[in-house]
Each structure stands twice: as C-alpha cells, then as structure tokens.
Number of protein chains: 2
Amino acid sequence: MPTYTPPLRDMQFVLHEVLNVTDHFQKMPAYAEVDADTINAVIEAAGQFASEVIAPLNVSGDTEGCHLDPVTHAVTTPNGFKEAYKTFVEGGWPALSCDPEYGGQGLPHTVNQCLYEMCNSANQAWMMYPGLSHGAYECLHAYGTPEQKKKYMAKLTSGEWTGTMCLTESHCGTDLGMLRTKAEPQPDGTYKITGNKIFISAGEHDMTENIIHLVLARLPGAPKGSKGISLFVVPKINVNDDGSLGSPNGIHCGGLEHKMGIHGNATAQLVLEDANGTLVGQPNKGLQAMFVMMNAARLGVGGQSLGLTEAARQGAVAYAKDRLQSRALAGPKHPDKEADPIIVHPDVRKMLMIARAYAEGGRALILFTSLQIDLSLHSPDETTRKRADGYVTFLTPIIKAFLTDNALMSTSHSMQVFGGHGYIKEWGMEQFVRDARINMTYEGTNTIQSLDLLGRKVLADGGAKLKEIAGLIQEFSEQEMKNPAMHEFITPLAWAGEKLNKITMNVGMKAMKDPDEVGAVAVDYLRICGHLIYGYFWARMASVALKKVDSGDPFYKAKLITARFYFAKIYPEISMLVRTIEAGSATLMEMEEDWF
Amino acid sequence: MPTYTPPLRDMQFVLHEVLNVTDHFQKMPAYAEVDADTINAVIEAAGQFASEVIAPLNVSGDTEGCHLDPVTHAVTTPNGFKEAYKTFVEGGWPALSCDPEYGGQGLPHTVNQCLYEMCNSANQAWMMYPGLSHGAYECLHAYGTPEQKKKYMAKLTSGEWTGTMCLTESHCGTDLGMLRTKAEPQPDGTYKITGNKIFISAGEHDMTENIIHLVLARLPGAPKGSKGISLFVVPKINVNDDGSLGSPNGIHCGGLEHKMGIHGNATAQLVLEDANGTLVGQPNKGLQAMFVMMNAARLGVGGQSLGLTEAARQGAVAYAKDRLQSRALAGPKHPDKEADPIIVHPDVRKMLMIARAYAEGGRALILFTSLQIDLSLHSPDETTRKRADGYVTFLTPIIKAFLTDNALMSTSHSMQVFGGHGYIKEWGMEQFVRDARINMTYEGTNTIQSLDLLGRKVLADGGAKLKEIAGLIQEFSEQEMKNPAMHEFITPLAWAGEKLNKITMNVGMKAMKDPDEVGAVAVDYLRICGHLIYGYFWARMASVALKKVDSGDPFYKAKLITARFYFAKIYPEISMLVRTIEAGSATLMEMEEDWF
C-alpha cells in the first residue's frame, strides 16, 4: 500500500506565494484574523488526520466494502470507518469552514479545501460521508427555513449527523425532469414522500445516529419536466421539536450497489414510503435549491480527483525510486546496484511528470477557485464579490470535468509505473484508477459539464464570463512580458487564447444554424479551456519560482521544470482539439441509428 | 450483462472485400483449398461458440474468480469454465490453425484470428487458457527437440493439455536478465529446476490433466544478464516415454494474485523445487526461443483489446438506443416516447464512434498482419515471405501498444455511455475496462513496445522496415489519387507520412547525441505510426465502400462515415504528437531524483 505524505509545502506555496491568500483574507471582516501561521497549523493537523487516521483504511475499506442487513436495513461500513469518523468529529473537522452561528469555526473555504484534498488522497470512499454532508449543510444554509435550520444545522456542522443528496432514480439521472418520487401535502404543512432513489452516496451507514436526506420529488399537479421538481428534507429518524430523536421515518435502504470502486462508500437504493418531509425553498424550484449543493459537489468531485492524482503520483514516485530494473540508456546511473531504479528511464519520468503537472496545476486552480468562493461570500466590495462569483461559475464545470478526466490518465500512468505489480490489489495502485473512474460520471457526467460550460456559461452568456477569465490572463501576461525569462510561458498562453477566441466565435456562429454543433464540440472545448487555465497557473507558478530559483531550495527548480514540462508535453493537446473542434458535428450526426 | 453478437459481416468485409484473402491463400499450397465458404462457415461456428458458450460466463467468472486450495495446491476455475473448455476441445478449436503433422486442422492464422477475436470479446479471462497454450505450441513447434515434439505437440494441438510461459520473477519482469531461477544439469541430460515465478497466467487450473510450462532459468556458470538465460519445458505432471502421465513434477502453485480484472484467469505464483525439465533450443539462447511465444503473445494481447473494444462498443450501442433521457438539441427525435434515446446526443455518438473506429480499424490491421504471418510461413515466393515477415516484425509492437491503449479509452467511453449504471458491476461494462487495463502492461509494457519499435525496428534497422510500410501506403495512395472521391482520405495520409519521415530523421539525429531521446519520444512515435497505419486501412476500407455505397446496403454508408469520423476526430492526435516529440527529452531528464 503506498504511503501518503501530505503535500504541505506545495499547498503553502500556492496559498502564500502564488495566491497570497492572507492579503485577501485581511480585507474580509469574516477572515481578517486568519493569518499564515493559523493556516499552516490547521493544514498540518489536517494532513496528520488524513495520513494517520484514514489513509490506513483505504485498501482495507476497498476489500471489505459495505454490507446491508436485509432484515434491519442497517448498513455496516468497513472496519475502522466508524471510529475514524468519530475522531474526525472530535477534532472539529466537519465544522472547519462552517458558519459560527451554527457552531462552525468560520475558517475560509480555501483552508477547508486543503483538508478535503488530503482526505481524498487518503481515502476518497471515506471522505464522501462528510463531503456530501457538507453539501447538505450548504444547501440548507442557503435555502432552509428557520425551523429547518434550527433542527439540522448545528448537528450537520458538528458532524453529529450526516446529510445526503437524493436525486437519481433508476430511469433518470441526467434528465431529472423525468423523476417520479411524489410528495403529498399534509394538513400540518409537511409532506408524505414516496418513491425510489438509487445511487445515493453515503445513503445509509453506521457512523451517525441520524442522516438528513435532501430529496427531490414532485408535488401533486406539478408542471412536467424539471420545472415541476421540489426539494424536501427527509431525516432518517424524525427529529422532535426539542431536537431529540423521535421515531424512524419511512425511508430505508433497499439495497447497496456493487461497484467498480469506492467500495468503502455505501451507494444506497433508498425506498421512501410515506416518509415525512418538509419543503426546502419554493415549490417547483427544487432544482435551483439543489444546485447549491450540486455546485459544491462538482467542485468536490474535482477535489477528489486532485486527491487521487496526488496519492497515486506519490506511490509511483516511491516505487520508481525503489524498483531496480535495467540500466539507463545513457549508461548506468547507479553502478553499485544490480540495476538502475526505473526512475532513470525517460518514459517512466514522463508518466510521473504527467501526474505531477496535473496534480500541482489542479491544486493551484482549485485553491484559486476556493479563494473566489470566499471572496464571493465575504468580500465587502460588491464588484469583487460579483467577479469572484463569475469566476466560480465559469470554473466549476472545468474543475469537475478536466480534473477528473486527467485523474483517470494520471492514476493509470502511476499504476503503469508499477508494471504488472500495479494490477495487483495489494499494492493499492489499481484502486486509485477504479476510484477515479466514478468522478468522471457522478454529479453530472463530464459531457454534461462541457454542455454547461459551452452552452450556458459561454454562448448563452454572450462570452461575458469567458472575457473575465481572459482578462485575468491578459493582465498577467502583459505584466510578465516585461520579463524576458517569462516569454517561454507567456507565448503559449497568448497562442491558446487566440485559438480559443476564434473557436468560440466560430462555434457560436455554427451553433446558430446547427443545434448539434455545441454537443459535438463541447467536450473538446472544455479541455482547451482547461489547458489554457492550467497554462495560466503554471505561468504564475513559474513566475514565482523564477524569482526564487537561486535561493538554493530545489523546490523552485522542480517547479520550473514541471512548468516547462506542462507546456512541452501536455499543453500541445490543444493542437489536436482545435482540429477536432473544427471538424464539427458532421461525422457524428450522419449515421442513422440503425447503422450503429 | 451486454449481449454479444459476432461481427461476422465486418470480418467478412475485411477478409473478402478489403484483403481478398483467398487470392493469397490460393497461391500457398498449404491453404490452396481454403475458400470463402469454408472461412465463412468456420467463423460463423466460432462466433456461435464465443457468444453462446463463453460469453455467458464472463460476468460470473469475474465475480467468482479462481480459488487455490492451500493444501493440495489445486486451483478451481469459475463455475462453467471447465465445461466450456471441454466443449472447445471437442469442437476442435485449439487445433484450428495447428500443423496437420500434430493433428492440427491446418487453417490459416487469419481464420484463427477471427476465432480469437470473438472469444476475447466473449470472455478474455477464459480465452487466456487456450491462448497461452497456443503460444507454447508455437514455441515448441519452432524450437522443440524431436522428443519434446513427440511428447507434447499432439496434446497441445488437441487442447488435451494446456501450456504456459514462465518468465517473470518478483524482482524482475521487464529486465529478464536479472532472473534467478536455476537449472542444474543431470547425468541423463535433463535438468532440475528451482526457483519462484510470479504472474503466470493460466499457471494452474482444473481444466486439463496436465500443464506444459515453458520456463526461463539459468544454467550453472551462465553469463550474467539476458545472455545467460535458457528455456526449459517443465510439465506439471511428468510424462512417460509412452506418452502416459507419470508422477507429479516438482512444481506447484504457491498463490494466486488478487487483481484488478481478468479474475477468471488464474494468475499463479509457481514454486519450482527440483522440477524436471528439458532444454528447449540452445543453452543461453532461451530468450530467442521464448520470443517466438512472446511475439505471438503480443499479437494476441492486441487481439484481446480488439475483442474488448468490440464487446464494449456493442454494449454501449444497445444501451444508447434503449435509454431514454432528455431531448435531442435539434428537437425531439422520438416525440412518441417520454424522452429521446441518448443515441441522439452528439457526444454519446462520439463515444460510440471512437470505439467503433478503433474496433474496425484494429480488426483490419490485425487481420492484415495475420495474413502476413500466413504469407511469411507458407508463401512459395521468398521475397513475399521476407517482406511479410518484415511487416509482422514492424507491426507487432504497434498492435500490442496502440490497440491496448485505444481499448482503455474505448471501453471507458463505452462504460461512460451508461452513466452511473456503467460503474455498477452487474451491467458488465466496468469489467471491460478492468480487463482491458492489463493488456497495456503484460507481455512487455507499452513503453517497452515503443522502445522496441523506435529503437530496434526503426533506428537500428536504418529505417528499412519503415520504408517497406511507407511503400505500401505510397503505392496505394498513388493509385487512389486518380479517384477524386478518395482525395479526402489520401491527403491526410500523405500529410502524416511526411511528418513521420521528418520526425524519424530528427529523432535519429538527436538520438546520436542523446541516448535518452529515444526513450523520451518512443511512446508518442508509436502512436503516430499507429494512426498512420489505421489511416491507411481506413482509406482502403473507404475505397471499397465508395464503390458499393450505392448498392443499397447501409453497411457501406456506415463504413464511409466511420472512415470520415476517424480522420476528423481521432487522427488529429498526430498534430499533438508531432509537437510533444519535437519537445524531446529536455523537461524529462532535468529533474533530479530527489526532487520528484
């Protein structure tokens, strides 16, 4: 099993040297006292929890999986999961970035993201229990009634209870407009909810006394489609007005899925039979409320893939230094040993560097986006809040899709470094690939993300949000072009920016005539945006590293080499994408259904 | 579980309309009587075996896996595997392309390849038992002594016994020069062999009474490294001179690996303790003899990935036609239904088309290469034999690496078409991904394949074999350029050929100064070769289809669209690869080991 070392140095580099987060925090009353020492102490402790408490449960959790008692409907999580969760709650971790009004510690999302990354590296399946819970917290924080907040927020904040999101039914996932679960209004203003949900992550477990489900359902006479969906809170155990637990509610786990990966997380089929629920937000506006949670979850999924990429990369590096096999092509590098460690071989290095460049690029993007969430919520300046919100909106589908696609490649490369041993379960490497695979699918498939980006956030928006991002890159580029040493990084940014501009205009024009154009090119379009933004962050990181490269700390040399690697070996994917986008929808739509 | 339909129509298209195999067979005395009717009857029966006998055991075999009795060292294969193997033997399938001298049916490899593709689609884990056996057959056919042939060939031909290849040890896989298993010569001319082998596919099982292991080991005083390795036949049960079974040999299964996939195949740790063995080929020339088997296995692995790509593609197509979700962007296509089937969505089509283009392109390449094997062995014309052998040599690493990398993408896309359901085991889609993943690793990792191609088969060869392939493409292109309708297919071939030429020269020159250059670019180089060759076959297939597109058979229309899709959406990867190759080794080799 690969050991996991929290990447504190790289996190601190991004937080303090690239993003200068405390400069921003100082300007926000909510975070004015969050200084670098506090941040560093918190992430160090978070890293300790991740690496010492939950990392050791990752492989065993995968092997054991979750078990359902068909009679009691109780679910048992893998050995040690429950105790680890208790430690997590006792450490106050669920409350880290929560609202102090409900007992939260009120730290920035940016800091919370560091906790999440490390926990995802250590054990994605375990981290999904508190992760989904935090999504439910955010949804109720935004849309809950005062009564709902009173009943649930403190317990979700402390982690005493967990939460879920119940959207999918067997016949509908992407197209939620088709959902059938129904909610019958009761004289007391509550609802009786009946239906079947599937794929409910962390949907049932033995870690907490209660689980707060957020459930999409239809009211009687609701409009067809997605405009007739409402959101309800449905606790597993009814909660009395004084906050004590009452009788079991009419919701139980009817089955657990057998999955490719994330075995430690219970993917539940939930059966609702006249379950008591209360309405969240407005009738028929359930999707709007749920999207608070959904957007948080999409960023969260990107973070899961960042975590897996980092963990797999670390495992591969350790093995590549340890495994002796053949000699370097340029002659023995370790003549004292029976053979050279395989890290001398260029293609092994390439596989390691791909995972490294994607991990470090992804970390910079996610922490930047987390900072924008903090700014959007807490900046005293409206323009700043609005701009930050625009960044988050634009970057969310990119983080979800680009990071998760890259993580499949990165974990697969990391596994490949192990040769045949990578395919064997006990080494723990193939699990990263299996776990990473779901991230491309859930919380909206990566195709859906790309349609969201190109259709909604670029074209329907008239390119306004894209221009904001382009402006950010432009401003940085102009400033850095004064430094000749930065030209190698700025030139490819300008090149890609120009390509993206042209493509956006062309696609926009073609889309007016051919509605399939957007669907045909959106996935490739999103990847170009991803590379451009990673390129921007790699250039920013290179700029910092260049200033400190003579400090004697090899960290900066490695950072510069990785930046160059990104532009040399990964970024050229843009050349391919430009051509596949230009090819449009023609060869996709001509095939008749029967001919497939 | 997806149903599998043997792709007989497409096989017949490649065999009879593209390659015109019977024209070639007629010129070879060994195959002069193999006509189209015979071929079609054989592949139809083979498809029936694959789809009816072993496909139903694929998911259950994965769930059950193999089990080792730690006391008796016996391995039990999944329920039904043994009976299916009996049916296979009774049908005469192991003998299909074997030498009539040993009871074989003497049909061409080209026909056998069709059998193998379909069995790999149906159940890769199962097919590995007879597949490896056939490799052992080929090795002994080429290098066995008359005594060895007498003892083993008939039983391997009939399938009464199976065979394995025992190379890997825990500390060495890629670098076989490090292997430690030793062979002590005995007064009677035999050897006592002692050591530990791992990752032995089909290394122990309950399907046959005996297993014939081909084992690499060192003789006393053998030179260090790969020049001191010899090859031995080590039967599981000693065979008496009259062919009857004797006492158990000193070889047993010490453990089974728990793997990501191919659970139905027993991946054995084999313990040899003074096991009786006889030498195959010359002392210290074991690798040379083993490479007969290895090359067959490498082509076989490409065929496994072709099989998985086709099977996953079929599953995805069926689901995409059946699953109702959302409406087509251009307006409802099936207004009578609650929603449109997801096959209306451009990106779903793109995922299906990627798998289709890779499957059909791979089928053409593999059948072409199988025909070259037949020609290299049985053509009466020496020039033809030599040229054919050169093609096989050049194409083997491409088939191994290009098809297996593409299959990971194709099976992953096919799984993605299922949304969240693809991640659930019972649908059978995620298994294709897990099974496909090993193909990139075993029988020489794909990195090793690329070094073999660029280092050995291009540069060390002075580009002679590459020129032969280029000549084939050139000749076809010149002829087809007379037809304006073919320009869209020939132009990209010429473009890529030119790029490849230039790159080959540049890399050759850089490699003289920098030995790491080859290792740094080989993987990308192999992919360019793969695309160029697929492009060639897509153009050949398009040429045939163009002539028949007005016949009313939509097969030809679909073929043309798929050819166009390949050039529009897949082939542009070359643009990226050209740039990453130009970037060379610089950013890979600068990082010091400690900085990783």
# chains A, B, ... in the order shown; residues from 1 in each chain; ligands from 1
$ residues_around --residues "A:Leu451" --least-positions-apart "4" --cutoff "7 Å" --atoms "only C-alpha atoms" --output "PyMOL selection string"
chain A and resi 447+455+519+522
$ write_last_selection --atoms "N, CA and C atoms" --output "short mmCIF file (atom, residue, chain, number, x, y, z; two decimals), in the first residue's frame"
data_model
loop_
_atom_site.label_atom_id
_atom_site.label_comp_id
_atom_site.auth_asym_id
_atom_site.auth_seq_id
_atom_site.Cartn_x
_atom_site.Cartn_y
_atom_site.Cartn_z
N THR A 447 -19.70 15.00 -19.95
CA THR A 447 -20.38 15.57 -21.11
C THR A 447 -21.32 16.70 -20.68
N GLY A 455 -22.46 25.73 -23.57
CA GLY A 455 -23.82 26.18 -23.87
C GLY A 455 -24.27 27.31 -22.97
N GLY A 519 -23.12 20.32 -28.87
CA GLY A 519 -22.94 18.99 -28.30
C GLY A 519 -21.76 18.25 -28.91
N ALA A 522 -18.38 20.33 -27.44
CA ALA A 522 -18.28 20.87 -26.08
C ALA A 522 -17.19 20.20 -25.25
#
$ residues_around --residues "B:Glu117" --least-positions-apart "4" --cutoff "7 Å" --atoms "only C-alpha atoms" --output "list in words"
Gln113, Ser121, Gly303, Gln304, Leu306 and Gly307 of chain B
$ atom_distance --atom1 "atom CA of B:Glu517" --atom2 "atom CA of A:Val549"
26.4 Å
$ residues_around --residues "A:Pro223" --least-positions-apart "6" --cutoff "12 Å" --atoms "only C-alpha atoms" --output "list in words"
Gly177, Met178, Leu179, Ile229, Ser230, Pro283, Asn284 and Lys285 of chain A
$ select_by_dssp --residues "stretch 10-157 of chain A" --states "helix (DSSP H, G or I)" --output "ChimeraX atom specification"
/A:10-18,21-26,29-31,36-64,81-90,93-95,100-102,109-143,146-157
$ atom_distance --atom1 "atom CA of B:Gly228" --atom2 "atom CA of B:Asp452"
20.8 Å
$ residues_around --residues "B:Thr181" --least-positions-apart "2" --cutoff "7 Å" --atoms "only C-alpha atoms" --output "list in words"
Leu179, Ala183, Thr194, Gly195, Asn196, Ala217 and Arg218 of chain B
$ select_by_dssp --residues "stretch 174-221 of chain B" --states "strand (DSSP E)" --output "CSV table (one decimal) with C-alpha atoms, in the first residue's frame"
chain,number,residue,atom,x,y,z
B,182,LYS,CA,18.4,-22.0,-11.8
B,183,ALA,CA,18.7,-25.3,-13.8
B,184,GLU,CA,21.1,-28.0,-12.7
B,185,PRO,CA,22.1,-30.4,-15.4
B,191,TYR,CA,17.7,-30.6,-15.7
B,192,LYS,CA,16.5,-30.0,-12.1
B,193,ILE,CA,14.9,-26.5,-12.0
B,194,THR,CA,14.4,-24.5,-8.8
B,195,GLY,CA,13.1,-21.0,-8.3
B,196,ASN,CA,10.0,-18.9,-8.0
B,197,LYS,CA,7.9,-17.4,-10.8
B,198,ILE,CA,5.1,-14.9,-10.5
B,199,PHE,CA,2.3,-13.6,-12.7
B,200,ILE,CA,1.9,-16.9,-14.6
B,201,SER,CA,-1.3,-16.6,-16.5
B,211,ILE,CA,0.0,-28.2,-18.0
B,212,ILE,CA,3.2,-27.8,-20.0
B,213,HIS,CA,5.2,-24.9,-18.6
B,214,LEU,CA,7.9,-23.2,-20.6
B,215,VAL,CA,10.3,-21.9,-18.0
B,216,LEU,CA,13.2,-19.4,-18.3
B,217,ALA,CA,16.2,-20.3,-16.0
$ closest_residue --among "B:Pro341, B:Gly243, B:Gly173, B:Gly428" --to "B:Met1" --atoms "only C-alpha atoms"
B:Gly428
$ residues_around --residues "stretch 276-282 of chain B" --least-positions-apart "4" --cutoff "6 Å" --atoms "only C-alpha atoms" --output "ChimeraX atom specification"
/B:143-144,190-192,231-234
$ decode --residues "stretch 369-384 of chain B" --atoms "all heavy atoms" --output "PDB file, in the first residue's frame"
ATOM      1  N   THR B 369      -2.227  -8.349 -40.597  1.00  0.00           N
ATOM      2  CA  THR B 369      -0.994  -8.888 -40.014  1.00  0.00           C
ATOM      3  C   THR B 369      -1.054 -10.405 -39.926  1.00  0.00           C
ATOM      4  O   THR B 369      -0.050 -11.093 -40.164  1.00  0.00           O
ATOM      5  CB  THR B 369      -0.761  -8.263 -38.624  1.00  0.00           C
ATOM      6  OG1 THR B 369      -0.847  -6.837 -38.756  1.00  0.00           O
ATOM      7  CG2 THR B 369       0.613  -8.622 -38.079  1.00  0.00           C
ATOM      8  N   SER B 370      -2.219 -10.943 -39.622  1.00  0.00           N
ATOM      9  CA  SER B 370      -2.366 -12.404 -39.594  1.00  0.00           C
ATOM     10  C   SER B 370      -2.115 -12.986 -40.981  1.00  0.00           C
ATOM     11  O   SER B 370      -1.459 -14.027 -41.123  1.00  0.00           O
ATOM     12  CB  SER B 370      -3.772 -12.787 -39.131  1.00  0.00           C
ATOM     13  OG  SER B 370      -4.024 -12.267 -37.850  1.00  0.00           O
ATOM     14  N   LEU B 371      -2.624 -12.302 -41.985  1.00  0.00           N
ATOM     15  CA  LEU B 371      -2.375 -12.753 -43.358  1.00  0.00           C
ATOM     16  C   LEU B 371      -0.873 -12.717 -43.669  1.00  0.00           C
ATOM     17  O   LEU B 371      -0.347 -13.618 -44.338  1.00  0.00           O
ATOM     18  CB  LEU B 371      -3.153 -11.867 -44.340  1.00  0.00           C
ATOM     19  CG  LEU B 371      -2.960 -12.148 -45.826  1.00  0.00           C
ATOM     20  CD1 LEU B 371      -3.418 -13.565 -46.180  1.00  0.00           C
ATOM     21  CD2 LEU B 371      -3.727 -11.124 -46.681  1.00  0.00           C
ATOM     22  N   GLN B 372      -0.200 -11.697 -43.158  1.00  0.00           N
ATOM     23  CA  GLN B 372       1.249 -11.626 -43.385  1.00  0.00           C
ATOM     24  C   GLN B 372       1.965 -12.787 -42.690  1.00  0.00           C
ATOM     25  O   GLN B 372       2.957 -13.303 -43.193  1.00  0.00           O
ATOM     26  CB  GLN B 372       1.817 -10.281 -42.888  1.00  0.00           C
ATOM     27  CG  GLN B 372       1.202  -9.057 -43.564  1.00  0.00           C
ATOM     28  CD  GLN B 372       1.246  -9.136 -45.083  1.00  0.00           C
ATOM     29  OE1 GLN B 372       2.275  -9.489 -45.671  1.00  0.00           O
ATOM     30  NE2 GLN B 372       0.117  -8.849 -45.728  1.00  0.00           N
ATOM     31  N   ILE B 373       1.461 -13.179 -41.510  1.00  0.00           N
ATOM     32  CA  ILE B 373       2.057 -14.346 -40.837  1.00  0.00           C
ATOM     33  C   ILE B 373       1.896 -15.568 -41.730  1.00  0.00           C
ATOM     34  O   ILE B 373       2.853 -16.329 -41.945  1.00  0.00           O
ATOM     35  CB  ILE B 373       1.395 -14.581 -39.461  1.00  0.00           C
ATOM     36  CG1 ILE B 373       1.736 -13.427 -38.517  1.00  0.00           C
ATOM     37  CG2 ILE B 373       1.850 -15.914 -38.860  1.00  0.00           C
ATOM     38  CD1 ILE B 373       1.048 -13.496 -37.167  1.00  0.00           C
ATOM     39  N   ASP B 374       0.703 -15.750 -42.252  1.00  0.00           N
ATOM     40  CA  ASP B 374       0.472 -16.885 -43.161  1.00  0.00           C
ATOM     41  C   ASP B 374       1.416 -16.821 -44.357  1.00  0.00           C
ATOM     42  O   ASP B 374       2.029 -17.827 -44.731  1.00  0.00           O
ATOM     43  CB  ASP B 374      -0.984 -16.898 -43.639  1.00  0.00           C
ATOM     44  CG  ASP B 374      -1.948 -17.323 -42.536  1.00  0.00           C
ATOM     45  OD1 ASP B 374      -1.564 -18.188 -41.731  1.00  0.00           O
ATOM     46  OD2 ASP B 374      -3.059 -16.777 -42.480  1.00  0.00           O
ATOM     47  N   LEU B 375       1.548 -15.635 -44.934  1.00  0.00           N
ATOM     48  CA  LEU B 375       2.432 -15.481 -46.102  1.00  0.00           C
ATOM     49  C   LEU B 375       3.891 -15.738 -45.728  1.00  0.00           C
ATOM     50  O   LEU B 375       4.633 -16.371 -46.467  1.00  0.00           O
ATOM     51  CB  LEU B 375       2.285 -14.075 -46.688  1.00  0.00           C
ATOM     52  CG  LEU B 375       0.980 -13.803 -47.448  1.00  0.00           C
ATOM     53  CD1 LEU B 375       0.783 -12.307 -47.669  1.00  0.00           C
ATOM     54  CD2 LEU B 375       0.982 -14.537 -48.792  1.00  0.00           C
ATOM     55  N   SER B 376       4.290 -15.248 -44.551  1.00  0.00           N
ATOM     56  CA  SER B 376       5.693 -15.394 -44.147  1.00  0.00           C
ATOM     57  C   SER B 376       6.048 -16.858 -43.934  1.00  0.00           C
ATOM     58  O   SER B 376       7.199 -17.249 -44.071  1.00  0.00           O
ATOM     59  CB  SER B 376       5.968 -14.583 -42.881  1.00  0.00           C
ATOM     60  OG  SER B 376       5.392 -15.222 -41.757  1.00  0.00           O
ATOM     61  N   LEU B 377       5.042 -17.659 -43.584  1.00  0.00           N
ATOM     62  CA  LEU B 377       5.311 -19.075 -43.322  1.00  0.00           C
ATOM     63  C   LEU B 377       5.085 -19.943 -44.539  1.00  0.00           C
ATOM     64  O   LEU B 377       5.761 -20.949 -44.728  1.00  0.00           O
ATOM     65  CB  LEU B 377       4.402 -19.578 -42.183  1.00  0.00           C
ATOM     66  CG  LEU B 377       4.629 -18.943 -40.807  1.00  0.00           C
ATOM     67  CD1 LEU B 377       3.528 -19.367 -39.840  1.00  0.00           C
ATOM     68  CD2 LEU B 377       6.001 -19.333 -40.254  1.00  0.00           C
ATOM     69  N   HIS B 378       4.131 -19.565 -45.368  1.00  0.00           N
ATOM     70  CA  HIS B 378       3.690 -20.514 -46.391  1.00  0.00           C
ATOM     71  C   HIS B 378       3.755 -20.019 -47.832  1.00  0.00           C
ATOM     72  O   HIS B 378       3.399 -20.777 -48.737  1.00  0.00           O
ATOM     73  CB  HIS B 378       2.260 -20.989 -46.080  1.00  0.00           C
ATOM     74  CG  HIS B 378       2.174 -21.753 -44.808  1.00  0.00           C
ATOM     75  ND1 HIS B 378       2.705 -23.005 -44.655  1.00  0.00           N
ATOM     76  CD2 HIS B 378       1.640 -21.428 -43.607  1.00  0.00           C
ATOM     77  CE1 HIS B 378       2.494 -23.433 -43.413  1.00  0.00           C
ATOM     78  NE2 HIS B 378       1.851 -22.489 -42.759  1.00  0.00           N
ATOM     79  N   SER B 379       4.151 -18.795 -48.040  1.00  0.00           N
ATOM     80  CA  SER B 379       4.245 -18.369 -49.439  1.00  0.00           C
ATOM     81  C   SER B 379       5.384 -19.114 -50.123  1.00  0.00           C
ATOM     82  O   SER B 379       6.462 -19.280 -49.548  1.00  0.00           O
ATOM     83  CB  SER B 379       4.496 -16.855 -49.519  1.00  0.00           C
ATOM     84  OG  SER B 379       4.765 -16.511 -50.866  1.00  0.00           O
ATOM     85  N   PRO B 380       5.169 -19.566 -51.360  1.00  0.00           N
ATOM     86  CA  PRO B 380       6.255 -20.244 -52.081  1.00  0.00           C
ATOM     87  C   PRO B 380       7.317 -19.247 -52.551  1.00  0.00           C
ATOM     88  O   PRO B 380       8.410 -19.654 -52.934  1.00  0.00           O
ATOM     89  CB  PRO B 380       5.541 -20.890 -53.269  1.00  0.00           C
ATOM     90  CG  PRO B 380       4.257 -20.152 -53.420  1.00  0.00           C
ATOM     91  CD  PRO B 380       3.911 -19.526 -52.116  1.00  0.00           C
ATOM     92  N   ASP B 381       7.000 -17.973 -52.490  1.00  0.00           N
ATOM     93  CA  ASP B 381       7.919 -16.958 -53.006  1.00  0.00           C
ATOM     94  C   ASP B 381       8.725 -16.338 -51.869  1.00  0.00           C
ATOM     95  O   ASP B 381       8.171 -15.764 -50.929  1.00  0.00           O
ATOM     96  CB  ASP B 381       7.101 -15.880 -53.728  1.00  0.00           C
ATOM     97  CG  ASP B 381       7.977 -14.719 -54.144  1.00  0.00           C
ATOM     98  OD1 ASP B 381       9.063 -14.980 -54.711  1.00  0.00           O
ATOM     99  OD2 ASP B 381       7.591 -13.564 -53.858  1.00  0.00           O
ATOM    100  N   GLU B 382      10.054 -16.430 -51.981  1.00  0.00           N
ATOM    101  CA  GLU B 382      10.898 -15.984 -50.867  1.00  0.00           C
ATOM    102  C   GLU B 382      10.758 -14.494 -50.596  1.00  0.00           C
ATOM    103  O   GLU B 382      10.745 -14.059 -49.447  1.00  0.00           O
ATOM    104  CB  GLU B 382      12.363 -16.342 -51.138  1.00  0.00           C
ATOM    105  CG  GLU B 382      13.176 -16.291 -49.847  1.00  0.00           C
ATOM    106  CD  GLU B 382      14.676 -16.287 -50.096  1.00  0.00           C
ATOM    107  OE1 GLU B 382      15.107 -16.850 -51.115  1.00  0.00           O
ATOM    108  OE2 GLU B 382      15.397 -15.694 -49.273  1.00  0.00           O
ATOM    109  N   THR B 383      10.712 -13.701 -51.661  1.00  0.00           N
ATOM    110  CA  THR B 383      10.562 -12.256 -51.485  1.00  0.00           C
ATOM    111  C   THR B 383       9.289 -11.935 -50.707  1.00  0.00           C
ATOM    112  O   THR B 383       9.290 -11.111 -49.789  1.00  0.00           O
ATOM    113  CB  THR B 383      10.505 -11.546 -52.860  1.00  0.00           C
ATOM    114  OG1 THR B 383      11.564 -12.061 -53.662  1.00  0.00           O
ATOM    115  CG2 THR B 383      10.657 -10.053 -52.695  1.00  0.00           C
ATOM    116  N   THR B 384       8.235 -12.609 -51.076  1.00  0.00           N
ATOM    117  CA  THR B 384       6.961 -12.408 -50.372  1.00  0.00           C
ATOM    118  C   THR B 384       7.093 -12.800 -48.909  1.00  0.00           C
ATOM    119  O   THR B 384       6.637 -12.079 -48.020  1.00  0.00           O
ATOM    120  CB  THR B 384       5.848 -13.254 -51.040  1.00  0.00           C
ATOM    121  OG1 THR B 384       5.792 -12.908 -52.413  1.00  0.00           O
ATOM    122  CG2 THR B 384       4.505 -13.014 -50.387  1.00  0.00           C
TER     123      THR B 384
END
